[in-house]
file structure29.csv (CSV, N, CA and C atoms)
chain,number,residue,atom,x,y,z
A,676,MET,N,0.8,-1.2,0.0
A,676,MET,CA,0.0,0.0,0.0
A,676,MET,C,0.9,1.2,0.0
A,677,LYS,N,0.6,2.2,-0.8
A,677,LYS,CA,1.4,3.4,-0.9
A,677,LYS,C,0.5,4.6,-0.4
A,678,ILE,N,1.0,5.4,0.5
A,678,ILE,CA,0.2,6.5,1.0
A,678,ILE,C,1.1,7.7,1.2
A,679,ASN,N,0.6,8.9,1.0
A,679,ASN,CA,1.4,10.1,1.3
A,679,ASN,C,0.8,10.7,2.6
A,680,LEU,N,1.7,11.0,3.6
A,680,LEU,CA,1.3,11.5,4.8
A,680,LEU,C,1.9,12.9,4.9
A,681,PRO,N,1.0,14.0,5.1
A,681,PRO,CA,1.5,15.3,5.1
A,681,PRO,C,1.9,15.8,6.5
A,682,MET,N,2.6,14.9,7.3
A,682,MET,CA,3.0,15.2,8.6
A,682,MET,C,4.5,15.4,8.5
A,683,HIS,N,5.2,15.6,9.6
A,683,HIS,CA,6.6,15.8,9.6
A,683,HIS,C,7.3,14.5,9.3
A,684,LEU,N,6.6,13.4,9.1
A,684,LEU,CA,7.2,12.1,8.6
A,684,LEU,C,7.7,12.3,7.1
A,685,GLY,N,7.1,13.2,6.4
A,685,GLY,CA,7.5,13.5,5.1
A,685,GLY,C,6.7,12.8,4.0
A,686,ILE,N,6.8,13.2,2.8
A,686,ILE,CA,6.2,12.5,1.7
A,686,ILE,C,7.0,11.4,1.2
A,687,GLY,N,6.5,10.2,1.0
A,687,GLY,CA,7.3,9.1,0.6
A,687,GLY,C,6.4,7.8,0.5
A,688,LYS,N,7.1,6.7,0.3
A,688,LYS,CA,6.4,5.4,0.2
A,688,LYS,C,6.4,4.8,1.6
A,689,TYR,N,5.2,4.4,2.0
A,689,TYR,CA,5.0,3.8,3.3
A,689,TYR,C,4.3,2.4,3.1
A,690,GLU,N,4.8,1.4,3.9
A,690,GLU,CA,4.2,0.1,3.9
A,690,GLU,C,3.6,-0.2,5.2
A,691,PHE,N,2.3,-0.7,5.2
A,691,PHE,CA,1.6,-1.0,6.5
A,691,PHE,C,1.5,-2.5,6.5
A,692,VAL,N,1.9,-3.1,7.7
A,692,VAL,CA,1.8,-4.5,7.9
A,692,VAL,C,1.2,-4.8,9.2
A,693,ARG,N,0.7,-6.0,9.3
A,693,ARG,CA,0.1,-6.6,10.6
A,693,ARG,C,-1.0,-5.6,11.2
A,694,MET,N,-1.9,-5.1,10.3
A,694,MET,CA,-2.9,-4.2,10.8
A,694,MET,C,-4.1,-5.0,11.4
A,695,ALA,N,-4.6,-4.5,12.5
A,695,ALA,CA,-5.8,-5.2,13.1
A,695,ALA,C,-6.7,-4.2,13.7
A,696,ILE,N,-8.0,-4.4,13.5
A,696,ILE,CA,-9.0,-3.5,14.2
A,696,ILE,C,-9.1,-4.0,15.6
A,697,THR,N,-8.8,-3.1,16.5
A,697,THR,CA,-8.9,-3.5,17.9
A,697,THR,C,-10.1,-3.0,18.6
A,698,LYS,N,-10.8,-2.0,18.0
A,698,LYS,CA,-12.1,-1.5,18.6
A,698,LYS,C,-12.9,-1.0,17.4
A,699,LEU,N,-14.2,-1.3,17.5
A,699,LEU,CA,-15.2,-0.8,16.5
A,699,LEU,C,-16.5,-0.6,17.2
A,700,LEU,N,-16.9,0.7,17.2
A,700,LEU,CA,-18.1,1.1,17.9
A,700,LEU,C,-19.1,1.6,16.8
A,701,LEU,N,-20.3,1.1,16.8
A,701,LEU,CA,-21.3,1.5,15.9
A,701,LEU,C,-22.5,1.9,16.7
A,702,PRO,N,-22.5,3.1,17.4
A,702,PRO,CA,-23.5,3.4,18.3
A,702,PRO,C,-24.8,3.8,17.6
A,703,ARG,N,-24.8,4.3,16.4
A,703,ARG,CA,-26.0,4.6,15.7
A,703,ARG,C,-26.0,4.0,14.3
A,704,SER,N,-26.8,3.0,14.1
A,704,SER,CA,-26.9,2.4,12.8
A,704,SER,C,-28.4,2.1,12.5
A,705,GLN,N,-28.7,2.4,11.2
A,705,GLN,CA,-30.1,2.2,10.7
A,705,GLN,C,-30.0,1.6,9.3
A,706,ILE,N,-31.1,0.9,9.0
A,706,ILE,CA,-31.2,0.4,7.6
A,706,ILE,C,-32.6,0.8,7.1
A,707,PHE,N,-32.6,1.5,6.0
A,707,PHE,CA,-33.9,2.0,5.4
A,707,PHE,C,-34.2,1.2,4.1
A,708,ALA,N,-35.5,1.0,3.9
A,708,ALA,CA,-35.9,0.4,2.6
A,708,ALA,C,-36.2,1.6,1.7
A,709,MET,N,-35.4,1.6,0.6
A,709,MET,CA,-35.6,2.7,-0.4
A,709,MET,C,-36.0,2.1,-1.7
A,710,PRO,N,-36.6,2.9,-2.6
A,710,PRO,CA,-37.0,2.3,-3.9
A,710,PRO,C,-35.9,1.7,-4.7
A,711,GLU,N,-34.7,2.3,-4.6
A,711,GLU,CA,-33.5,1.8,-5.3
A,711,GLU,C,-32.8,0.6,-4.7
A,712,GLY,N,-33.2,0.4,-3.4
A,712,GLY,CA,-32.6,-0.7,-2.7
A,712,GLY,C,-32.3,-0.3,-1.2
A,713,PRO,N,-31.9,-1.2,-0.4
A,713,PRO,CA,-31.6,-0.9,1.0
A,713,PRO,C,-30.6,0.1,1.2
A,714,LYS,N,-30.7,1.0,2.2
A,714,LYS,CA,-29.8,2.0,2.5
A,714,LYS,C,-29.3,1.8,3.9
A,715,LEU,N,-28.0,1.8,4.1
A,715,LEU,CA,-27.4,1.6,5.4
A,715,LEU,C,-26.8,2.9,5.9
A,716,PHE,N,-27.1,3.3,7.1
A,716,PHE,CA,-26.6,4.6,7.6
A,716,PHE,C,-26.0,4.3,9.0
A,717,LEU,N,-24.7,4.7,9.1
A,717,LEU,CA,-23.9,4.5,10.4
A,717,LEU,C,-23.4,5.9,10.7
A,718,SER,N,-23.6,6.3,12.0
A,718,SER,CA,-23.0,7.6,12.4
A,718,SER,C,-22.3,7.4,13.8
A,719,ASP,N,-21.5,8.4,14.1
A,719,ASP,CA,-20.6,8.4,15.3
A,719,ASP,C,-19.8,7.1,15.4
A,720,VAL,N,-19.3,6.6,14.3
A,720,VAL,CA,-18.5,5.4,14.3
A,720,VAL,C,-17.1,5.7,14.8
A,721,LEU,N,-16.6,4.8,15.6
A,721,LEU,CA,-15.2,4.9,16.1
A,721,LEU,C,-14.5,3.6,15.8
A,722,ILE,N,-13.3,3.8,15.2
A,722,ILE,CA,-12.5,2.6,14.8
A,722,ILE,C,-11.0,2.9,15.3
A,723,HIS,N,-10.5,1.9,16.0
A,723,HIS,CA,-9.1,1.9,16.4
A,723,HIS,C,-8.4,0.8,15.6
A,724,ILE,N,-7.2,1.1,15.0
A,724,ILE,CA,-6.5,0.1,14.3
A,724,ILE,C,-5.0,0.2,14.8
A,725,ASN,N,-4.5,-1.0,15.1
A,725,ASN,CA,-3.1,-1.1,15.5
A,725,ASN,C,-2.3,-1.9,14.4
A,726,GLY,N,-1.1,-1.5,14.2
A,726,GLY,CA,-0.3,-2.2,13.2
A,726,GLY,C,1.1,-1.7,13.3
A,727,LYS,N,1.9,-2.0,12.2
A,727,LYS,CA,3.2,-1.6,12.1
A,727,LYS,C,3.4,-1.1,10.7
A,728,TRP,N,4.4,-0.2,10.5
A,728,TRP,CA,4.7,0.5,9.3
A,728,TRP,C,6.2,0.6,9.1
A,729,SER,N,6.6,0.8,7.8
A,729,SER,CA,7.9,1.1,7.5
A,729,SER,C,7.9,2.1,6.3
A,730,ASP,N,9.0,2.8,6.1
A,730,ASP,CA,9.1,3.7,5.0
A,730,ASP,C,10.2,3.2,4.0
A,731,ASP,N,10.4,3.9,2.9
A,731,ASP,CA,11.4,3.5,2.0
A,731,ASP,C,12.8,3.7,2.5
A,732,LYS,N,13.0,4.5,3.5
A,732,LYS,CA,14.3,4.7,4.1
A,732,LYS,C,14.7,3.6,5.1
A,733,ASN,N,13.7,3.2,5.9
A,733,ASN,CA,13.9,2.2,7.0
A,733,ASN,C,13.0,1.0,6.8
A,734,ASN,N,13.0,0.4,5.6
A,734,ASN,CA,12.0,-0.6,5.3
A,734,ASN,C,12.2,-1.9,6.0
A,735,LYS,N,13.4,-2.1,6.6
A,735,LYS,CA,13.6,-3.3,7.4
A,735,LYS,C,13.1,-3.2,8.8
A,736,GLU,N,12.9,-2.0,9.3
A,736,GLU,CA,12.4,-1.8,10.6
A,736,GLU,C,10.9,-1.5,10.6
A,737,HIS,N,10.1,-2.3,11.2
A,737,HIS,CA,8.6,-2.1,11.3
A,737,HIS,C,8.3,-1.3,12.6
A,738,ILE,N,7.7,-0.2,12.5
A,738,ILE,CA,7.5,0.7,13.6
A,738,ILE,C,6.0,0.6,14.0
A,739,PRO,N,5.7,0.3,15.3
A,739,PRO,CA,4.3,0.2,15.7
A,739,PRO,C,3.5,1.5,15.6
A,740,PHE,N,2.2,1.5,15.3
A,740,PHE,CA,1.4,2.7,15.3
A,740,PHE,C,0.0,2.3,15.8
A,741,ASP,N,-0.7,3.3,16.2
A,741,ASP,CA,-2.1,3.3,16.6
A,741,ASP,C,-2.8,4.3,15.8
A,742,LEU,N,-3.9,3.9,15.1
A,742,LEU,CA,-4.7,4.9,14.3
A,742,LEU,C,-6.1,4.9,14.9
A,743,ARG,N,-6.7,6.1,15.1
A,743,ARG,CA,-8.0,6.2,15.6
A,743,ARG,C,-8.8,7.1,14.6
A,744,LEU,N,-9.9,6.5,14.1
A,744,LEU,CA,-10.8,7.3,13.2
A,744,LEU,C,-12.0,7.5,14.1
A,745,ASP,N,-12.4,8.8,14.2
A,745,ASP,CA,-13.4,9.2,15.2
A,745,ASP,C,-14.4,10.1,14.5
A,746,GLY,N,-15.7,9.8,14.8
A,746,GLY,CA,-16.8,10.6,14.3
A,746,GLY,C,-17.1,10.3,12.8
A,747,MET,N,-17.0,9.1,12.5
A,747,MET,CA,-17.3,8.7,11.1
A,747,MET,C,-18.7,8.6,10.8
A,748,THR,N,-19.1,9.0,9.6
A,748,THR,CA,-20.5,8.7,9.1
A,748,THR,C,-20.4,8.0,7.8
A,749,VAL,N,-21.1,6.9,7.7
A,749,VAL,CA,-21.1,6.0,6.5
A,749,VAL,C,-22.5,5.9,6.0
A,750,THR,N,-22.7,6.1,4.7
A,750,THR,CA,-24.0,5.9,4.1
A,750,THR,C,-23.8,5.1,2.8
A,751,VAL,N,-24.4,3.9,2.8
A,751,VAL,CA,-24.3,3.0,1.6
A,751,VAL,C,-25.7,2.7,1.1
A,752,THR,N,-25.9,2.8,-0.2
A,752,THR,CA,-27.1,2.4,-0.8
A,752,THR,C,-26.8,1.2,-1.7
A,753,PHE,N,-27.5,0.1,-1.5
A,753,PHE,CA,-27.3,-1.1,-2.3
A,753,PHE,C,-28.3,-1.3,-3.4
A,754,TYR,N,-27.9,-2.0,-4.4
A,754,TYR,CA,-28.8,-2.3,-5.5
A,754,TYR,C,-29.1,-3.8,-5.5
A,755,LEU,N,-30.3,-4.2,-5.4
A,755,LEU,CA,-30.6,-5.6,-5.4
A,755,LEU,C,-31.1,-6.0,-6.8
A,756,GLY,N,-30.7,-7.1,-7.3
A,756,GLY,CA,-31.1,-7.6,-8.7
A,756,GLY,C,-31.0,-9.1,-8.8
A,757,LYS,N,-31.0,-9.6,-10.0
A,757,LYS,CA,-30.9,-11.0,-10.3
A,757,LYS,C,-30.0,-11.2,-11.5
A,758,ASN,N,-29.2,-12.3,-11.5
A,758,ASN,CA,-28.4,-12.5,-12.6
A,758,ASN,C,-29.2,-13.4,-13.6
A,759,ASP,N,-28.5,-13.8,-14.7
A,759,ASP,CA,-29.2,-14.6,-15.7
A,759,ASP,C,-29.7,-16.0,-15.3
A,760,LYS,N,-29.2,-16.4,-14.1
A,760,LYS,CA,-29.6,-17.7,-13.5
A,760,LYS,C,-30.6,-17.5,-12.4
A,761,SER,N,-31.1,-16.3,-12.3
A,761,SER,CA,-32.1,-15.9,-11.3
A,761,SER,C,-31.6,-15.9,-9.9
A,762,HIS,N,-30.2,-15.9,-9.7
A,762,HIS,CA,-29.7,-15.8,-8.4
A,762,HIS,C,-29.7,-14.3,-8.0
A,763,ILE,N,-30.0,-14.1,-6.7
A,763,ILE,CA,-30.1,-12.7,-6.2
A,763,ILE,C,-28.7,-12.1,-6.2
A,764,THR,N,-28.5,-10.9,-6.7
A,764,THR,CA,-27.2,-10.2,-6.6
A,764,THR,C,-27.4,-8.9,-5.8
A,765,ILE,N,-26.3,-8.5,-5.3
A,765,ILE,CA,-26.3,-7.2,-4.5
A,765,ILE,C,-25.1,-6.4,-4.9
A,766,SER,N,-25.2,-5.2,-5.2
A,766,SER,CA,-24.1,-4.3,-5.5
A,766,SER,C,-24.2,-3.0,-4.8
A,767,VAL,N,-23.1,-2.2,-4.8
A,767,VAL,CA,-23.2,-0.9,-4.1
A,767,VAL,C,-23.5,0.1,-5.1
A,768,ALA,N,-24.7,0.8,-4.9
A,768,ALA,CA,-25.1,1.9,-5.8
A,768,ALA,C,-24.4,3.2,-5.5
A,769,SER,N,-24.2,3.4,-4.2
A,769,SER,CA,-23.4,4.6,-3.8
A,769,SER,C,-22.9,4.4,-2.4
A,770,CYS,N,-21.8,5.1,-2.1
A,770,CYS,CA,-21.1,5.0,-0.8
A,770,CYS,C,-20.5,6.3,-0.4
A,771,ASN,N,-20.8,6.9,0.7
A,771,ASN,CA,-20.3,8.1,1.1
A,771,ASN,C,-19.7,7.9,2.6
A,772,ILE,N,-18.5,8.4,2.8
A,772,ILE,CA,-17.9,8.3,4.1
A,772,ILE,C,-17.3,9.7,4.5
A,773,HIS,N,-17.6,10.1,5.7
A,773,HIS,CA,-17.1,11.3,6.3
A,773,HIS,C,-16.4,11.0,7.6
A,774,ILE,N,-15.2,11.5,7.7
A,774,ILE,CA,-14.4,11.2,9.0
A,774,ILE,C,-14.1,12.6,9.6
A,775,ASP,N,-14.5,12.8,10.9
A,775,ASP,CA,-14.3,14.0,11.5
A,775,ASP,C,-12.8,14.2,12.0
A,776,HIS,N,-12.3,13.1,12.6
A,776,HIS,CA,-10.9,13.3,13.1
A,776,HIS,C,-10.1,12.0,12.9
A,777,VAL,N,-8.8,12.2,12.6
A,777,VAL,CA,-7.9,11.1,12.5
A,777,VAL,C,-6.8,11.3,13.5
A,778,ASN,N,-6.5,10.4,14.4
A,778,ASN,CA,-5.5,10.5,15.4
A,778,ASN,C,-4.5,9.4,15.2
A,779,ILE,N,-3.2,9.7,14.9
A,779,ILE,CA,-2.2,8.7,14.7
A,779,ILE,C,-1.1,8.9,15.8
A,780,PHE,N,-0.8,7.7,16.4
A,780,PHE,CA,0.3,7.7,17.3
A,780,PHE,C,1.3,6.7,16.9
A,781,SER,N,2.6,7.1,16.8
A,781,SER,CA,3.6,6.2,16.4
A,781,SER,C,4.8,6.5,17.4
A,782,SER,N,5.7,5.6,17.6
A,782,SER,CA,6.8,5.8,18.5
A,782,SER,C,7.7,6.9,18.0
A,783,ILE,N,7.7,7.2,16.7
A,783,ILE,CA,8.6,8.3,16.3
A,783,ILE,C,8.0,9.6,16.1
A,784,ASN,N,6.7,9.7,16.1
A,784,ASN,CA,6.1,11.1,15.9
A,784,ASN,C,5.2,11.6,17.0
A,785,GLN,N,5.1,10.9,18.1
A,785,GLN,CA,4.2,11.3,19.2
A,785,GLN,C,2.8,11.3,18.6
A,786,SER,N,1.8,11.9,19.3
A,786,SER,CA,0.4,11.9,18.9
A,786,SER,C,0.2,13.0,18.0
A,787,GLN,N,-0.6,12.8,16.9
A,787,GLN,CA,-1.0,13.8,16.0
A,787,GLN,C,-2.5,13.7,15.8
A,788,ARG,N,-3.2,14.8,16.0
A,788,ARG,CA,-4.6,14.9,15.7
A,788,ARG,C,-4.8,15.6,14.4
A,789,LEU,N,-5.4,15.0,13.4
A,789,LEU,CA,-5.6,15.6,12.1
A,789,LEU,C,-7.1,15.6,11.8
A,790,SER,N,-7.5,16.6,11.1
A,790,SER,CA,-8.8,16.6,10.5
A,790,SER,C,-8.7,16.0,9.1
A,791,LEU,N,-9.7,15.5,8.5
A,791,LEU,CA,-9.7,14.9,7.2
A,791,LEU,C,-9.1,15.9,6.2
A,792,SER,N,-9.4,17.2,6.3
A,792,SER,CA,-8.9,18.2,5.4
A,792,SER,C,-7.4,18.2,5.4
A,793,ASP,N,-6.7,17.9,6.5
A,793,ASP,CA,-5.3,17.8,6.6
A,793,ASP,C,-4.7,16.7,5.7
A,794,LEU,N,-5.5,15.7,5.5
A,794,LEU,CA,-5.0,14.5,4.7
A,794,LEU,C,-5.2,14.7,3.2
A,795,VAL,N,-6.0,15.6,2.8
A,795,VAL,CA,-6.3,15.7,1.4
A,795,VAL,C,-5.5,16.8,0.7
call {"tool": "encode", "arguments": {"input": "structure29.csv", "output": "structure tokens"}}
result
Amino acid sequence: MKINLPMHLGIGKYEFVRMAITKLLLPRSQIFAMPEGPKLFLSDVLIHINGKWSDDKNNKEHIPFDLRLDGMTVTVTFYLGKNDKSHITISVASCNIHIDHVNIFSSINQSQRLSLSDLV
């Protein structure tokens, strides 16, 4: 996976390994029946991910990190159909995700709180 991080880590190639979701909270979730298909709405989602990363300068050393995505809103609309064998199919008609805050902690950069606009 290649990602550019606009922090003091610098722009470069980063590899993420051994990532695991350690906490997932879905405090507000709803499913609506819509004419185009079911719509899933999740709000105030919290996700914690732990893992290790390396960069193109120190790619032999994997550095632990903790990532926290806070205040996420996810809206997904599904399309239900049938294939030529009359098997039910489901596909994503639309998907929108908003993330209020991203908090990254790594042993080399201390804690950084970013808004999504900092990452774009």
call {"tool": "closest_atom_pairs", "arguments": {"input": "structure29.csv", "of": "stretch 695-778 of chain A", "to": "stretch 687-690 of chain A", "cutoff": "6 Å", "atoms": "only C-alpha atoms", "output": "JSON lines"}}
result
{"residue": "A:Trp728", "atom": "CA", "partner": "A:Glu690", "partner_atom": "CA", "distance": 5.4}
{"residue": "A:Ser729", "atom": "CA", "partner": "A:Glu690", "partner_atom": "CA", "distance": 5.3}
{"residue": "A:Asp730", "atom": "CA", "partner": "A:Tyr689", "partner_atom": "CA", "distance": 4.4}
{"residue": "A:Asp731", "atom": "CA", "partner": "A:Lys688", "partner_atom": "CA", "distance": 5.6}
call {"tool": "closest_residue", "arguments": {"input": "structure29.csv", "among": "A:Leu715, A:Val720, A:Ile738, A:Ala708", "to": "A:Phe691", "atoms": "only C-alpha atoms"}}
result
A:Ile738
call {"tool": "select_by_dssp", "arguments": {"input": "structure29.csv", "residues": "stretch 690-780 of chain A", "states": "strand (DSSP E)", "output": "VMD selection string"}}
result
chain A and resid 690 to 700 703 to 709 712 to 730 738 to 757 763 to 773 776 to 780
call {"tool": "residues_near_point", "arguments": {"input": "structure29.csv", "point": "(-16.5, -0.2, 19.1)", "cutoff": "8 Å", "atoms": "all atoms listed in the file", "output": "list in words"}}
result
Thr697, Lys698, Leu699, Leu700, Leu701, Pro702, Val720, Leu721, Ile722 and His723 of chain A
call {"tool": "closest_residue", "arguments": {"input": "structure29.csv", "among": "A:Asn771, A:Ser704, A:Asn758, A:Arg743", "to": "A:Asp719", "atoms": "only C-alpha atoms"}}
result
A:Ser704
call {"tool": "atom_distance", "arguments": {"input": "structure29.csv", "atom1": "atom CA of A:Val751", "atom2": "atom CA of A:Ile772"}}
result
8.7 Å
call {"tool": "atom_distance", "arguments": {"input": "structure29.csv", "atom1": "atom N of A:Ser766", "atom2": "atom N of A:Leu744"}}
result
27.3 Å
call {"tool": "residues_around", "arguments": {"input": "structure29.csv", "residues": "A:Gly756", "least_positions_apart": "5", "cutoff": "10 Å", "atoms": "only C-alpha atoms", "output": "ChimeraX atom specification"}}
result
/A:712,761-766
call {"tool": "residues_around", "arguments": {"input": "structure29.csv", "residues": "A:Arg703", "least_positions_apart": "2", "cutoff": "5 Å", "atoms": "all atoms listed in the file", "output": "compact mmCIF listing (two decimals) with N, CA and C atoms, keeping the file's coordinate frame"}}
result
# COMPACT_ATOMS: atom_id res chain seq x y z
N LEU A 701 -20.30 1.10 16.80
CA LEU A 701 -21.30 1.50 15.90
C LEU A 701 -22.50 1.90 16.70
N GLN A 705 -28.70 2.40 11.20
CA GLN A 705 -30.10 2.20 10.70
C GLN A 705 -30.00 1.60 9.30
N LEU A 717 -24.70 4.70 9.10
CA LEU A 717 -23.90 4.50 10.40
C LEU A 717 -23.40 5.90 10.70
N SER A 718 -23.60 6.30 12.00
CA SER A 718 -23.00 7.60 12.40
C SER A 718 -22.30 7.40 13.80
call {"tool": "closest_residue", "arguments": {"input": "structure29.csv", "among": "A:Asp759, A:Leu742, A:Ala768, A:Thr750", "to": "A:Ile724", "atoms": "all atoms listed in the file"}}
result
A:Leu742
call {"tool": "atom_distance", "arguments": {"input": "structure29.csv", "atom1": "atom CA of A:Val749", "atom2": "atom CA of A:His773"}}
result
6.6 Å
call {"tool": "closest_residue", "arguments": {"input": "structure29.csv", "among": "A:Met747, A:His737, A:Tyr754, A:Met709", "to": "A:His776", "atoms": "all atoms listed in the file"}}
result
A:Met747
call {"tool": "closest_residue", "arguments": {"input": "structure29.csv", "among": "A:Lys727, A:Ile706, A:Val692, A:Glu711", "to": "A:Leu755", "atoms": "only N, CA and C atoms"}}
result
A:Glu711
call {"tool": "build_atoms", "arguments": {"input": "structure29.csv", "residues": "stretch 733-751 of chain A", "atoms": "N, CA, C and O atoms", "output": "short mmCIF file (atom, residue, chain, number, x, y, z; two decimals), keeping the file's coordinate frame"}}
result
data_model
loop_
_atom_site.label_atom_id
_atom_site.label_comp_id
_atom_site.auth_asym_id
_atom_site.auth_seq_id
_atom_site.Cartn_x
_atom_site.Cartn_y
_atom_site.Cartn_z
N ASN A 733 13.70 3.20 5.90
CA ASN A 733 13.90 2.20 7.00
C ASN A 733 13.00 1.00 6.80
O ASN A 733 12.40 0.52 7.72
N ASN A 734 13.00 0.40 5.60
CA ASN A 734 12.00 -0.60 5.30
C ASN A 734 12.20 -1.90 6.00
O ASN A 734 11.40 -2.78 6.01
N LYS A 735 13.40 -2.10 6.60
CA LYS A 735 13.60 -3.30 7.40
C LYS A 735 13.10 -3.20 8.80
O LYS A 735 12.87 -4.21 9.48
N GLU A 736 12.90 -2.00 9.30
CA GLU A 736 12.40 -1.80 10.60
C GLU A 736 10.90 -1.50 10.60
O GLU A 736 10.45 -0.53 9.92
N HIS A 737 10.10 -2.30 11.20
CA HIS A 737 8.60 -2.10 11.30
C HIS A 737 8.30 -1.30 12.60
O HIS A 737 8.56 -1.85 13.69
N ILE A 738 7.70 -0.20 12.50
CA ILE A 738 7.50 0.70 13.60
C ILE A 738 6.00 0.60 14.00
O ILE A 738 5.11 0.76 13.17
N PRO A 739 5.70 0.30 15.30
CA PRO A 739 4.30 0.20 15.70
C PRO A 739 3.50 1.50 15.60
O PRO A 739 4.11 2.61 15.76
N PHE A 740 2.20 1.50 15.30
CA PHE A 740 1.40 2.70 15.30
C PHE A 740 0.00 2.30 15.80
O PHE A 740 -0.42 1.16 15.74
N ASP A 741 -0.70 3.30 16.20
CA ASP A 741 -2.10 3.30 16.60
C ASP A 741 -2.80 4.30 15.80
O ASP A 741 -2.42 5.50 15.81
N LEU A 742 -3.90 3.90 15.10
CA LEU A 742 -4.70 4.90 14.30
C LEU A 742 -6.10 4.90 14.90
O LEU A 742 -6.70 3.81 15.16
N ARG A 743 -6.70 6.10 15.10
CA ARG A 743 -8.00 6.20 15.60
C ARG A 743 -8.80 7.10 14.60
O ARG A 743 -8.41 8.22 14.36
N LEU A 744 -9.90 6.50 14.10
CA LEU A 744 -10.80 7.30 13.20
C LEU A 744 -12.00 7.50 14.10
O LEU A 744 -12.68 6.62 14.57
N ASP A 745 -12.40 8.80 14.20
CA ASP A 745 -13.40 9.20 15.20
C ASP A 745 -14.40 10.10 14.50
O ASP A 745 -14.13 10.91 13.66
N GLY A 746 -15.70 9.80 14.80
CA GLY A 746 -16.80 10.60 14.30
C GLY A 746 -17.10 10.30 12.80
O GLY A 746 -17.42 11.22 12.06
N MET A 747 -17.00 9.10 12.50
CA MET A 747 -17.30 8.70 11.10
C MET A 747 -18.70 8.60 10.80
O MET A 747 -19.50 8.12 11.67
N THR A 748 -19.10 9.00 9.60
CA THR A 748 -20.50 8.70 9.10
C THR A 748 -20.40 8.00 7.80
O THR A 748 -19.62 8.38 6.93
N VAL A 749 -21.10 6.90 7.70
CA VAL A 749 -21.10 6.00 6.50
C VAL A 749 -22.50 5.90 6.00
O VAL A 749 -23.38 5.51 6.75
N THR A 750 -22.70 6.10 4.70
CA THR A 750 -24.00 5.90 4.10
C THR A 750 -23.80 5.10 2.80
O THR A 750 -22.99 5.47 1.95
N VAL A 751 -24.40 3.90 2.80
CA VAL A 751 -24.30 3.00 1.60
C VAL A 751 -25.70 2.70 1.10
O VAL A 751 -26.53 2.27 1.88
#
